[in-house]
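For reference, final_16.cif (mmCIF, C-alpha atoms):
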```cif
data_data
loop_
_atom_site.label_atom_id
_atom_site.label_comp_id
_atom_site.auth_asym_id
_atom_site.auth_seq_id
_atom_site.Cartn_x
_atom_site.Cartn_y
_atom_site.Cartn_z
CA MET O 250 6.91 11.49 34.86
CA GLY O 251 7.40 10.73 31.17
CA ARG O 252 5.14 11.59 28.31
CA ARG O 253 2.16 9.32 27.62
CA ARG O 254 2.75 6.93 24.68
CA LYS O 255 0.88 7.78 21.53
CA PHE O 256 0.64 4.17 20.30
CA SER O 257 -0.49 1.11 22.18
CA ASP O 258 1.72 -1.22 20.12
CA ALA O 259 4.82 0.64 21.38
CA GLY O 260 6.28 1.29 17.89
CA CYS O 261 9.95 2.10 17.55
CA THR O 262 12.18 5.10 17.09
CA VAL O 263 13.65 5.68 13.63
CA CYS O 264 16.66 7.96 13.31
CA GLY O 265 18.11 9.47 10.18
CA TYR O 266 20.06 12.49 9.04
CA VAL O 267 18.71 15.02 6.56
CA GLU O 268 19.90 18.43 5.47
CA TYR O 269 19.17 21.30 7.83
CA SER O 270 17.12 23.10 5.18
CA ILE O 271 14.82 20.06 4.83
CA THR O 272 14.36 19.94 8.60
CA LYS O 273 13.36 23.60 8.65
CA LEU O 274 10.85 23.03 5.82
CA LEU O 275 9.50 20.00 7.67
CA ASP O 276 9.02 22.11 10.80
CA LYS O 277 7.19 24.82 8.81
CA ILE O 278 4.88 22.23 7.27
CA ALA O 279 4.20 20.65 10.67
CA VAL O 280 3.37 24.05 12.22
CA ALA O 281 1.10 24.94 9.29
CA LYS O 282 -0.76 21.62 9.71
CA GLY O 283 -0.85 21.92 13.50
CA ILE O 284 1.06 18.69 14.09
CA THR O 285 4.42 17.76 15.58
CA ARG O 286 7.56 17.03 13.60
CA SER O 287 7.22 13.35 14.55
CA GLU O 288 3.68 13.22 13.19
CA ALA O 289 4.83 14.85 9.93
CA VAL O 290 7.67 12.33 9.57
CA ARG O 291 5.28 9.46 10.39
CA GLU O 292 2.86 10.66 7.67
CA ALA O 293 5.73 10.86 5.18
CA ILE O 294 6.95 7.35 6.02
CA ILE O 295 3.43 5.92 5.74
CA ARG O 296 2.96 7.61 2.35
CA TYR O 297 6.35 6.29 1.18
CA VAL O 298 5.58 2.73 2.33
CA GLU O 299 2.19 2.78 0.59
CA GLU O 300 3.66 4.09 -2.70
CA GLU O 301 6.63 1.74 -2.80
CA ALA O 302 4.57 -1.29 -1.79
CA THR O 303 2.12 -0.51 -4.60
CA LYS O 304 4.98 -0.29 -7.10
CA LEU O 305 6.11 -3.74 -5.96
CA GLY O 306 2.60 -5.16 -6.32
CA MET O 307 1.77 -5.25 -2.61
CA GLN O 308 -1.08 -3.68 -0.72
CA VAL O 309 -0.57 -1.99 2.62
CA VAL O 310 -3.53 -0.51 4.44
CA PHE O 311 -3.13 1.80 7.41
CA SER O 312 -6.17 2.79 9.41
CA HIS O 313 -6.19 5.41 12.14
CA ASP O 314 -8.76 5.06 14.90
CA ASP O 315 -9.30 7.46 17.77
CA ASP O 316 -10.83 5.74 20.76
CA GLU O 317 -12.41 7.44 23.77
CA SER O 318 -9.08 7.76 25.61
CA GLY O 319 -7.65 9.84 22.77
CA GLU O 320 -5.08 7.17 21.94
CA VAL O 321 -4.32 6.80 18.25
CA ARG O 322 -3.84 3.27 16.93
CA VAL O 323 -2.37 2.43 13.60
CA ARG O 324 -3.54 -0.96 12.44
CA HIS O 325 -2.09 -2.77 9.50
CA SER O 326 -4.42 -5.00 7.59
CA ASN O 327 -3.46 -6.99 4.55
CA VAL O 328 0.18 -5.97 4.98
CA LEU O 329 2.17 -7.30 2.02
CA GLN O 330 -0.91 -8.87 0.45
CA ILE O 331 0.08 -9.72 -3.08
CA LEU O 332 -2.05 -7.88 -5.59
CA ASN O 333 -0.13 -9.24 -8.51
CA GLU O 334 -0.83 -12.96 -8.20
CA GLY O 335 -2.57 -12.65 -11.55
CA GLY O 336 0.70 -11.23 -12.89
CA LEU O 337 2.29 -14.66 -12.63
CA GLU O 338 -0.42 -16.20 -14.81
CA ASP O 339 -0.15 -13.29 -17.25
CA LEU O 340 3.60 -13.79 -17.43
CA GLU O 341 3.24 -17.50 -18.18
CA GLU O 342 0.74 -16.79 -20.97
CA ASN O 343 2.88 -13.98 -22.42
CA VAL O 344 6.05 -16.08 -22.31
CA ALA O 345 4.33 -18.96 -24.14
CA GLU O 346 2.95 -16.58 -26.77
CA LEU O 347 6.27 -14.77 -27.23
CA GLU O 348 8.13 -18.09 -27.54
CA LYS O 349 5.90 -18.96 -30.49
CA THR O 350 6.46 -15.51 -32.02
CA VAL O 351 10.24 -15.79 -31.62
CA ALA O 352 10.22 -19.25 -33.20
CA VAL O 353 8.36 -17.86 -36.23
CA LEU O 354 10.74 -14.88 -36.43
CA GLU O 355 13.73 -17.22 -36.33
CA ARG O 356 12.30 -19.31 -39.18
CA ILE O 357 11.68 -16.20 -41.25
CA ALA O 358 14.97 -14.51 -40.33
CA ASN O 359 17.10 -16.36 -42.90
CA ARG O 360 14.65 -15.63 -45.68
CA LYS O 361 14.26 -11.95 -44.80
CA TYR O 362 17.96 -11.28 -44.35
CA TYR O 363 19.40 -9.57 -47.37
CA GLY O 364 22.96 -10.00 -48.57
CA HIS O 365 23.94 -6.44 -47.63
CA GLY O 366 23.22 -6.99 -43.95
CA TYR O 367 19.69 -5.57 -43.65
CA TYR O 368 16.38 -7.05 -42.62
CA ALA O 369 13.23 -6.27 -44.54
CA PRO O 370 11.42 -3.33 -42.88
CA ASP O 371 8.31 -5.33 -41.91
CA PHE O 372 10.45 -8.03 -40.28
CA LYS O 373 12.47 -5.42 -38.38
CA LYS O 374 9.25 -3.89 -37.07
CA GLU O 375 8.04 -7.27 -35.80
CA LEU O 376 11.43 -7.96 -34.24
CA ASP O 377 11.39 -4.59 -32.44
CA TYR O 378 7.85 -5.25 -31.19
CA ALA O 379 8.89 -8.68 -29.86
CA TRP O 380 11.88 -7.04 -28.15
CA SER O 381 9.68 -4.44 -26.40
CA ARG O 382 7.29 -7.19 -25.24
CA MET O 383 10.24 -9.18 -23.91
CA LEU O 384 11.46 -6.13 -21.94
CA SER O 385 8.01 -5.71 -20.38
CA MET O 386 7.94 -9.39 -19.43
CA LYS O 387 11.42 -9.12 -17.97
CA LYS O 388 10.30 -6.24 -15.71
CA LEU O 389 7.29 -8.23 -14.54
CA ALA O 390 9.51 -11.27 -13.94
CA GLU O 391 11.90 -9.14 -11.85
CA LYS O 392 8.99 -7.82 -9.79
CA LEU O 393 7.68 -11.33 -9.21
CA ALA O 394 11.19 -12.50 -8.29
CA ARG O 395 11.44 -9.79 -5.62
CA LEU O 396 8.18 -11.13 -4.20
CA ASP O 397 9.48 -14.75 -4.31
CA MET O 398 6.72 -15.66 -6.74
CA LEU O 399 8.78 -16.43 -9.84
CA ASP O 400 9.33 -20.02 -10.89
CA VAL O 401 12.95 -20.74 -11.87
CA GLU O 402 11.88 -22.50 -15.07
CA LEU O 403 9.77 -19.51 -16.12
CA ALA O 404 12.71 -17.18 -15.44
CA LYS O 405 14.95 -19.38 -17.61
CA ARG O 406 12.39 -19.20 -20.43
CA VAL O 407 12.38 -15.38 -20.27
CA VAL O 408 16.19 -15.30 -20.37
CA ASN O 409 16.18 -17.74 -23.30
CA ILE O 410 13.77 -15.49 -25.23
CA GLU O 411 16.03 -12.53 -24.56
CA ARG O 412 19.09 -14.40 -25.89
CA ARG O 413 17.29 -15.52 -29.04
CA LEU O 414 16.02 -12.00 -29.75
CA LYS O 415 19.48 -10.50 -29.09
CA ARG O 416 20.97 -12.94 -31.59
CA MET O 417 18.51 -11.82 -34.28
CA ARG O 418 18.93 -8.13 -33.44
CA LYS O 419 22.73 -8.38 -33.78
CA ARG O 420 22.29 -9.36 -37.42
CA LYS O 421 20.72 -5.99 -38.35
#
```
Target encoding structure tokens, full file:
Amino acid sequence: MGRRRKFSDAGCTVCGYVEYSITKLLDKIAVAKGITRSEAVREAIIRYVEEEATKLGMQVVFSHDDDESGEVRVRHSNVLQILNEGGLEDLEENVAELEKTVAVLERIANRKYYGHGYYAPDFKKELDYAWSRMLSMKKLAEKLARLDMLDVELAKRVVNIERRLKRMRKRK
């Protein structure tokens, strides 16, 4: 007779190779916590999934319930619920604002550019600030693209801002 299943939803087996020293440490941790190696690996995978999903702007909730039969159920609620839907609106607002800033910088660029190849210090500071904002927007756009939430036109606008800023930065 086989061992009784721990999960009612049947789960699946995940195999992977790790260094022997890591396996020994894992076993020591499991013994210290009074759990099996499988339970320790399951905890680590759940923690990893929660952390990585959060970094990607998703929410994953795992709940553990013990019923009267002693069976442990892991229920997923709100799996892959997008937390960052507001991020799309923020990106649109930031792109529109940065487009205006870049347009002003481009108009000023020819006046602030000195014959010896240097920008005025205050202009350079504004250009660097616009560049750092563009990099932040680009990261948010990449995150939204991974979640299939990024509009192609919005992505093109971010790329266009990057090109315009690169052009001005090359003139330093």
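Distances here use all atoms listed in the file; by that measure, the residue among O:Glu342, O:Arg418, O:Asp397, O:Ala390 closest to Glu375 (chain O) is O:Arg418.
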> Which distance in Å separates CA of Ala302 (chain O) and CA of Thr272 (chain O), to one decimal?
Replying inline: 25.6 Å
>> Residue by residue, what does the PyMOL selection byres ((chain O and resi 407) around 9) grab here? Present the result as a PyMOL selection string.
In response: chain O and resi 344+348+383+386-387+390+402-406+408-412
> Interatomic distance between CA of Trp380 (chain O) and CA of Leu414 (chain O)?
Replying inline: 6.7 Å
> Mind pulling up the distance from CA of Lys392 (chain O) to CA of Asp377 (chain O)?
Replying inline: 23.0 Å
> Any idea what's packed within 12 Å of Val290 (chain O), counting all atoms listed in the file, ignoring anything in its chain fewer than 4 positions away? Could you give it as a list in words?
Replying inline: Thr262, Val263, Cys264, Gly265, Val267, Ile271, Thr272, Leu274, Leu275, Asp276, Ile278, Ala279, Ile284, Thr285, Arg286, Ile294, Ile295, Arg296 and Tyr297 of chain O
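Of the listed residues (O:Glu355, O:Glu391, O:Glu300, O:Asp400), O:Glu355 comes nearest to Arg413 (chain O); the distances count all atoms listed in the file.
Each of O:Leu376, O:Glu338, O:Val351, O:Arg382 was compared to Met398 (chain O) using only C-alpha atoms, and O:Glu338 turns out to be the nearest.
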